[in-house]
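Text of start-v4.cif, listed as mmCIF, C-alpha atoms:
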data_upload
#
loop_
_atom_site.label_atom_id
_atom_site.label_comp_id
_atom_site.auth_asym_id
_atom_site.auth_seq_id
_atom_site.Cartn_x
_atom_site.Cartn_y
_atom_site.Cartn_z
CA PHE T 21 0.00 0.00 0.00
CA GLY T 22 1.36 3.42 -0.91
CA ALA T 23 -1.62 5.57 0.01
CA ARG T 24 -0.29 6.55 3.41
CA ASP T 25 2.88 8.25 2.19
CA ASN T 26 1.95 9.56 -1.25
CA PRO T 27 0.85 13.24 -1.41
CA PRO T 28 -2.35 12.73 -3.50
CA VAL T 29 -5.51 11.90 -1.59
CA SER T 30 -6.27 8.17 -1.66
CA TRP T 31 -9.53 6.37 -0.93
CA LEU T 32 -9.52 2.63 -0.25
CA ASN T 33 -12.92 0.96 -0.05
CA VAL T 34 -13.10 -2.60 1.31
CA ASP T 35 -16.16 -4.70 0.41
CA GLY T 36 -16.55 -7.57 2.85
CA LEU T 37 -14.88 -8.17 6.21
CA HIS T 38 -13.77 -11.79 5.79
CA ASP T 39 -10.23 -11.36 4.46
CA THR T 40 -8.49 -10.99 7.81
CA GLU T 41 -5.03 -11.08 6.24
CA CYS T 42 -5.74 -8.08 4.04
CA LEU T 43 -7.39 -6.21 6.91
CA GLY T 44 -4.38 -6.94 9.11
CA ARG T 45 -2.03 -5.50 6.49
CA LEU T 46 -4.17 -2.37 6.28
CA ARG T 47 -4.16 -2.05 10.06
CA ASP T 48 -0.38 -2.29 10.27
CA HIS T 49 0.33 -0.05 7.29
CA PHE T 50 -1.92 2.80 8.41
CA GLY T 51 -1.18 2.45 12.11
CA ILE T 52 -4.75 1.66 13.14
CA HIS T 53 -5.29 0.62 16.73
CA PRO T 54 -6.32 -3.06 17.13
CA LEU T 55 -9.43 -2.05 19.11
CA VAL T 56 -10.54 0.18 16.22
CA MET T 57 -10.11 -2.69 13.78
CA GLU T 58 -12.07 -4.87 16.17
CA ASP T 59 -14.97 -2.41 15.97
CA VAL T 60 -14.71 -2.55 12.19
CA LEU T 61 -14.98 -6.32 12.16
CA HIS T 62 -17.74 -6.64 14.77
CA VAL T 63 -20.73 -5.12 13.00
CA GLY T 64 -23.74 -3.74 14.86
CA GLN T 65 -21.74 -0.98 16.52
CA ARG T 66 -23.53 2.15 17.70
CA PRO T 67 -22.85 5.18 15.45
CA LYS T 68 -19.87 7.03 16.90
CA LEU T 69 -16.78 9.14 16.26
CA GLN T 70 -13.42 8.46 17.91
CA GLU T 71 -10.27 10.52 17.59
CA GLY T 72 -6.98 8.61 17.32
CA GLU T 73 -3.47 10.00 17.31
CA SER T 74 -3.31 10.34 13.54
CA TYR T 75 -6.80 9.54 12.32
CA LEU T 76 -10.54 9.87 12.97
CA PHE T 77 -12.71 6.76 13.20
CA LEU T 78 -16.42 6.94 12.39
CA VAL T 79 -19.11 4.28 12.45
CA LEU T 80 -22.22 5.09 10.41
CA PRO T 81 -25.34 3.06 9.59
CA MET T 82 -25.80 2.88 5.82
CA LEU T 83 -29.45 2.31 4.93
CA ASP T 84 -31.27 1.14 1.84
CA ILE T 85 -34.62 -0.38 0.91
CA ASP T 86 -34.94 -4.06 0.02
CA PRO T 87 -37.03 -3.93 -3.18
CA ALA T 88 -38.38 -7.45 -2.66
CA GLN T 89 -39.52 -7.11 0.96
CA GLY T 90 -39.97 -3.34 1.14
CA SER T 91 -38.05 -3.31 4.42
CA ILE T 92 -35.02 -1.33 5.55
CA GLU T 93 -31.59 -2.89 5.03
CA VAL T 94 -28.97 -1.76 7.54
CA GLU T 95 -25.25 -2.06 6.89
CA GLN T 96 -22.42 -0.82 9.08
CA LEU T 97 -20.02 1.57 7.38
CA SER T 98 -16.69 2.15 9.10
CA LEU T 99 -14.74 5.20 7.92
CA ILE T 100 -11.19 6.10 8.94
CA LEU T 101 -9.83 9.52 7.97
CA GLY T 102 -6.08 10.11 7.90
CA GLY T 103 -3.93 12.98 6.70
CA ASN T 104 -4.19 12.23 2.99
CA TRP T 105 -6.19 9.01 2.93
CA VAL T 106 -9.64 7.65 3.68
CA LEU T 107 -10.51 4.02 4.41
CA THR T 108 -14.07 2.72 4.24
CA PHE T 109 -15.15 -0.78 5.26
CA GLN T 110 -18.48 -2.29 4.22
CA GLU T 111 -20.14 -5.58 5.05
CA ARG T 112 -20.95 -6.44 1.45
CA VAL T 113 -20.74 -5.22 -2.13
CA GLY T 114 -22.99 -2.28 -2.99
CA ASP T 115 -23.20 1.13 -1.39
CA VAL T 116 -24.50 4.69 -1.76
CA PHE T 117 -21.25 6.22 -3.04
CA ASP T 118 -21.89 6.22 -6.80
CA PRO T 119 -22.51 10.02 -6.87
CA VAL T 120 -19.16 10.54 -5.10
CA ARG T 121 -17.39 8.25 -7.57
CA GLU T 122 -18.88 10.19 -10.49
CA ARG T 123 -17.61 13.45 -9.01
CA LEU T 124 -14.16 11.93 -8.56
CA ARG T 125 -14.08 10.75 -12.16
CA SER T 126 -14.81 14.27 -13.34
CA THR T 127 -11.74 16.41 -13.97
CA HIS T 128 -13.47 19.43 -12.46
CA GLY T 129 -15.18 20.02 -9.15
CA ARG T 130 -14.36 20.85 -5.58
CA ILE T 131 -13.89 17.26 -4.45
CA ARG T 132 -10.73 16.77 -6.59
CA GLN T 133 -9.21 20.04 -5.39
CA ARG T 134 -9.58 19.53 -1.65
CA GLY T 135 -8.11 17.16 0.90
CA ALA T 136 -9.07 13.87 2.45
CA ASP T 137 -11.30 15.61 5.02
CA TYR T 138 -13.56 16.92 2.25
CA LEU T 139 -13.71 13.45 0.69
CA ALA T 140 -14.77 12.06 4.08
CA TYR T 141 -17.45 14.76 4.30
CA ALA T 142 -18.72 13.83 0.82
CA LEU T 143 -19.00 10.16 1.82
CA ILE T 144 -20.86 11.01 5.04
CA ASP T 145 -23.15 13.33 3.09
CA ALA T 146 -23.96 10.51 0.63
CA VAL T 147 -24.90 8.23 3.53
CA VAL T 148 -27.20 10.84 5.08
CA ASP T 149 -28.78 11.72 1.72
CA ARG T 150 -29.84 8.09 1.29
CA TYR T 151 -31.91 8.45 4.47
CA PHE T 152 -34.18 10.87 2.59
CA LEU T 153 -34.86 8.26 -0.10
CA VAL T 154 -35.71 5.73 2.61
CA LEU T 155 -38.03 8.25 4.26
CA GLU T 156 -39.68 8.98 0.91
CA HIS T 157 -40.39 5.26 0.50
CA LEU T 158 -41.86 5.01 4.01
CA GLY T 159 -43.92 8.15 3.40
CA ASP T 160 -45.40 6.60 0.24
CA MET T 161 -46.25 3.49 2.26
CA ALA T 162 -48.02 5.63 4.87
CA GLU T 163 -50.08 7.44 2.22
CA ALA T 164 -51.10 4.18 0.54
CA LEU T 165 -52.10 2.69 3.91
CA ASP T 166 -54.15 5.76 4.75
CA GLU T 167 -56.21 5.26 1.59
CA GLU T 168 -56.61 1.52 2.23
CA VAL T 169 -57.74 2.05 5.82
CA MET T 170 -60.53 4.29 4.59
CA ALA T 171 -61.51 2.04 1.69
CA ASN T 172 -60.98 -1.50 2.97
CA PRO T 173 -59.72 -1.88 6.58
CA THR T 174 -58.79 -5.57 6.62
CA PRO T 175 -56.47 -7.37 9.07
CA VAL T 176 -53.85 -7.42 6.30
CA VAL T 177 -53.83 -3.63 6.32
CA LEU T 178 -53.32 -3.63 10.09
CA THR T 179 -50.35 -5.98 9.65
CA ARG T 180 -48.83 -3.59 7.12
CA ILE T 181 -49.36 -0.66 9.50
CA ASN T 182 -47.53 -2.55 12.22
CA HIS T 183 -44.73 -3.32 9.74
CA LEU T 184 -44.43 0.40 8.96
CA LYS T 185 -44.23 1.23 12.65
CA ARG T 186 -41.46 -1.32 13.15
CA GLU T 187 -39.49 0.09 10.23
CA LEU T 188 -39.80 3.61 11.63
CA LEU T 189 -38.65 2.37 15.01
CA VAL T 190 -35.55 0.83 13.42
CA LEU T 191 -34.87 4.06 11.56
CA ARG T 192 -35.27 6.14 14.71
CA LYS T 193 -32.82 3.87 16.52
CA PHE T 194 -30.06 4.84 14.08
CA VAL T 195 -30.99 8.44 13.34
CA TRP T 196 -30.58 9.86 16.84
CA PRO T 197 -26.96 8.63 17.27
CA LEU T 198 -26.24 9.75 13.68
CA ARG T 199 -27.05 13.30 14.74
CA GLU T 200 -24.38 13.06 17.45
CA VAL T 201 -21.79 11.75 14.99
CA THR T 202 -22.39 14.45 12.36
CA ASN T 203 -22.35 17.13 15.06
CA ALA T 204 -19.06 15.77 16.47
CA PHE T 205 -17.50 15.73 12.98
CA ALA T 206 -18.59 19.32 12.36
CA ARG T 207 -17.22 20.51 15.71
CA THR T 208 -14.06 18.41 15.97
CA GLU T 209 -10.88 20.29 16.83
CA SER T 210 -8.72 17.70 15.10
CA GLY T 211 -6.23 19.12 12.66
CA LEU T 212 -7.35 16.48 10.16
CA VAL T 213 -10.52 18.48 9.44
CA SER T 214 -10.06 22.00 8.10
CA HIS T 215 -12.26 24.96 8.98
CA ASP T 216 -13.70 25.05 5.44
CA THR T 217 -14.70 21.39 5.63
CA ARG T 218 -16.33 21.90 9.04
CA VAL T 219 -18.61 24.47 7.40
CA PHE T 220 -19.82 21.80 4.95
CA ALA T 221 -20.07 19.25 7.75
CA ARG T 222 -22.51 21.49 9.61
CA ASP T 223 -24.78 21.21 6.57
CA VAL T 224 -24.76 17.42 6.99
CA TYR T 225 -25.69 17.92 10.64
CA ASP T 226 -28.67 20.05 9.53
CA HIS T 227 -29.73 17.24 7.20
CA ALA T 228 -29.58 14.78 10.10
CA ILE T 229 -31.89 17.06 12.09
CA GLN T 230 -34.32 17.14 9.15
CA VAL T 231 -34.27 13.34 9.01
CA ILE T 232 -35.12 13.16 12.73
CA ASP T 233 -38.03 15.57 12.32
CA THR T 234 -39.39 13.59 9.36
CA VAL T 235 -39.08 10.29 11.24
CA GLU T 236 -41.03 11.69 14.19
CA THR T 237 -43.72 13.03 11.85
CA LEU T 238 -44.08 9.64 10.14
CA ARG T 239 -44.25 7.88 13.51
CA ASP T 240 -47.12 10.15 14.54
CA LEU T 241 -48.81 9.42 11.21
CA ALA T 242 -48.38 5.66 11.69
CA GLY T 243 -49.88 5.90 15.18
CA GLY T 244 -52.78 7.82 13.71
CA LEU T 245 -53.31 5.08 11.12
CA THR T 246 -53.76 2.54 13.91
CA ASP T 247 -56.33 4.76 15.61
CA LEU T 248 -58.07 5.31 12.27
CA TYR T 249 -58.19 1.57 11.62
CA VAL T 250 -59.76 0.87 15.03
CA SER T 251 -62.24 3.72 14.54
CA THR T 252 -63.20 2.57 11.04
CA MET T 253 -63.67 -1.03 12.14
CA GLY T 254 -65.76 0.13 15.10
CA HIS T 255 -67.94 2.21 12.79
CA ARG T 256 -68.46 -0.74 10.44
CA THR T 257 -69.32 -3.00 13.38
CA ASN T 258 -71.89 -0.47 14.58
CA GLU T 259 -73.46 -0.35 11.12
CA VAL T 260 -73.70 -4.14 11.04
CA MET T 261 -75.24 -4.24 14.53
CA LYS T 262 -77.70 -1.57 13.50
CA VAL T 263 -78.91 -3.65 10.55
CA LEU T 264 -79.11 -6.82 12.69
CA THR T 265 -81.11 -4.92 15.37
CA ILE T 266 -83.59 -3.69 12.77
CA MET T 267 -84.04 -7.20 11.34
CA ALA T 268 -84.43 -8.70 14.81
CA SER T 269 -87.05 -6.08 15.70
CA ILE T 270 -89.03 -6.88 12.56
CA PHE T 271 -89.04 -10.61 13.32
CA ILE T 272 -90.06 -9.98 16.93
#
As structure tokens:
Amino acid sequence: FGARDNPPVSWLNVDGLHDTECLGRLRDHFGIHPLVMEDVLHVGQRPKLQEGESYLFLVLPMLDIDPAQGSIEVEQLSLILGGNWVLTFQERVGDVFDPVRERLRSTHGRIRQRGADYLAYALIDAVVDRYFLVLEHLGDMAEALDEEVMANPTPVVLTRINHLKRELLVLRKFVWPLREVTNAFARTESGLVSHDTRVFARDVYDHAIQVIDTVETLRDLAGGLTDLYVSTMGHRTNEVMKVLTIMASIFI
């Protein structure tokens, strides 16, 4: 590996965490603490930011939607920022960094003119931006369920409402710590992050706040769907009982 000592900014992305020999070579070459590498390998870590002697270590939840099941897929992204290099570790192939790669392939643009800290910001921003796509998907689910509750409130609809509530609970679990991580990155006093990059990082923090607000709004909407379902079913039951009472009165 020559990325540590060469002046140009280098980004190494590792797909999969099973090649322990390769990961060990990366750890030794870049001077990564064994406990940090242990956090990289043991997925399911809480989102966090740690400052090392010569690097910053971030753990971020990378989210996407499973098109087959319509549920949220969660993958741990570990990012290590050094002086002129960035390491990212993913659990599997596939990520949200295609827009960043397209910007890097372009000969123009801010991302090719700035340092590794700006590249790290761009990667974090891509992760947070994907949250909005996930929220858009969940919002569409909530709107469709609202129409179905009014038109045909079946037990299947109630099951889907409960599924939506579970997905929002999972999302909320990761969003709140994400706010802390983005805020810590924007306010870090580490010399690895320049003042100009911290200005951009504060914009990512604002996006995290917007995600939290949207999640809370959708959770309130999902709770309202449950109440609406119970109310609609109660109204239909009352209508049925009314008809049965009339028929019983006639026969009496």
Would you kindly translate the PyMOL selection byres ((chain T and resi 100-112) around 7) into the concrete residues it picks from this file, as a compact mmCIF listing (two decimals) with C-alpha atoms, in the frame of the given file?
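Saved file selection.txt follows:
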# COMPACT_ATOMS: atom_id res chain seq x y z
CA ALA T 23 -1.62 5.57 0.01
CA ARG T 24 -0.29 6.55 3.41
CA PRO T 27 0.85 13.24 -1.41
CA PRO T 28 -2.35 12.73 -3.50
CA VAL T 29 -5.51 11.90 -1.59
CA SER T 30 -6.27 8.17 -1.66
CA TRP T 31 -9.53 6.37 -0.93
CA LEU T 32 -9.52 2.63 -0.25
CA ASN T 33 -12.92 0.96 -0.05
CA VAL T 34 -13.10 -2.60 1.31
CA ASP T 35 -16.16 -4.70 0.41
CA GLY T 36 -16.55 -7.57 2.85
CA LEU T 37 -14.88 -8.17 6.21
CA SER T 74 -3.31 10.34 13.54
CA TYR T 75 -6.80 9.54 12.32
CA LEU T 76 -10.54 9.87 12.97
CA PHE T 77 -12.71 6.76 13.20
CA LEU T 78 -16.42 6.94 12.39
CA GLU T 95 -25.25 -2.06 6.89
CA GLN T 96 -22.42 -0.82 9.08
CA LEU T 97 -20.02 1.57 7.38
CA SER T 98 -16.69 2.15 9.10
CA LEU T 99 -14.74 5.20 7.92
CA VAL T 113 -20.74 -5.22 -2.13
CA GLY T 114 -22.99 -2.28 -2.99
CA GLY T 135 -8.11 17.16 0.90
CA ALA T 136 -9.07 13.87 2.45
CA ASP T 137 -11.30 15.61 5.02
CA ALA T 140 -14.77 12.06 4.08
CA LEU T 212 -7.35 16.48 10.16
Selection result for the PyMOL selection byres ((chain T and resi 223) around 12) on this file, as a ChimeraX atom specification
/T:141-142,144-145,148-149,199,202-203,205-207,216-222,224-230
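Considering the residues T:Met170, T:Leu188, T:Ile272, T:Ile266 and counting all atoms listed in the file, Ser251 (chain T) has its shortest atom-to-atom contact with T:Met170.
Across the model, the gap from CA of Val176 (chain T) to CA of Val154 (chain T) is 22.7 Å.
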Surrounding residues of Asp160 (chain T) excluding itself and chain neighbours under 4 positions, 12 Å, only C-alpha atoms, as a PyMOL selection string
chain T and resi 90+153-156+164-167+184+238+241-242
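What the PyMOL selection byres ((chain T and resi 61) around 9) matches in the given file is Leu37, His38, Val56, Met57, Glu58, Asp59, Val60, His62, Val63, Phe109 and Glu111 of chain T.
Residues in contact with Ala146 (chain T) at up to 9 Å, not including ones fewer than 6 positions away on its chain and judged by only C-alpha atoms, are Val116, Phe117, Asp118, Pro119 and Val120 of chain T.
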Please enclose the listed atoms of region 191-199 of chain T in an axis-aligned box, pad each side by 5 Å, and write out the centre and the three edge lengths in Å, rounded to one decimal, as lines of an AutoDock Vina configuration file.
center_x = -30.8
center_y = 8.6
center_z = 14.4
size_x = 19.0
size_y = 19.4
size_z = 15.7
Between CA of Leu83 (chain T) and CA of Val213 (chain T), measure the distance and give it in Å to one decimal.
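Computing it gives 25.3 Å between the two atoms.
With all atoms listed in the file as the atoms that count, the residue of T:Gly243, T:Glu122, T:Arg132, T:Asp233 with the shortest distance to Trp196 (chain T) is T:Asp233.
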Between CA of His215 (chain T) and CA of Val79 (chain T), what distance in Å does the model show, to one decimal?
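About the pair CA of His215 (chain T) and CA of Val79 (chain T): they are 22.1 Å apart.
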With a distance cut-off of 12 Å and only C-alpha atoms, select the neighbouring residues of Val177 (chain T), excluding the residue or stretch itself and same-chain residues fewer than 5 positions from it, and output the selection as number ranges by chain.
T: 161-162, 164-172, 182-184, 245-246, 248-250, 253
Nearest to Lys193 (chain T) by atom-to-atom distance, counting all atoms listed in the file, from T:Gly51, T:Pro173, T:Gly211, T:Pro67:
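Closest candidate: T:Pro67.
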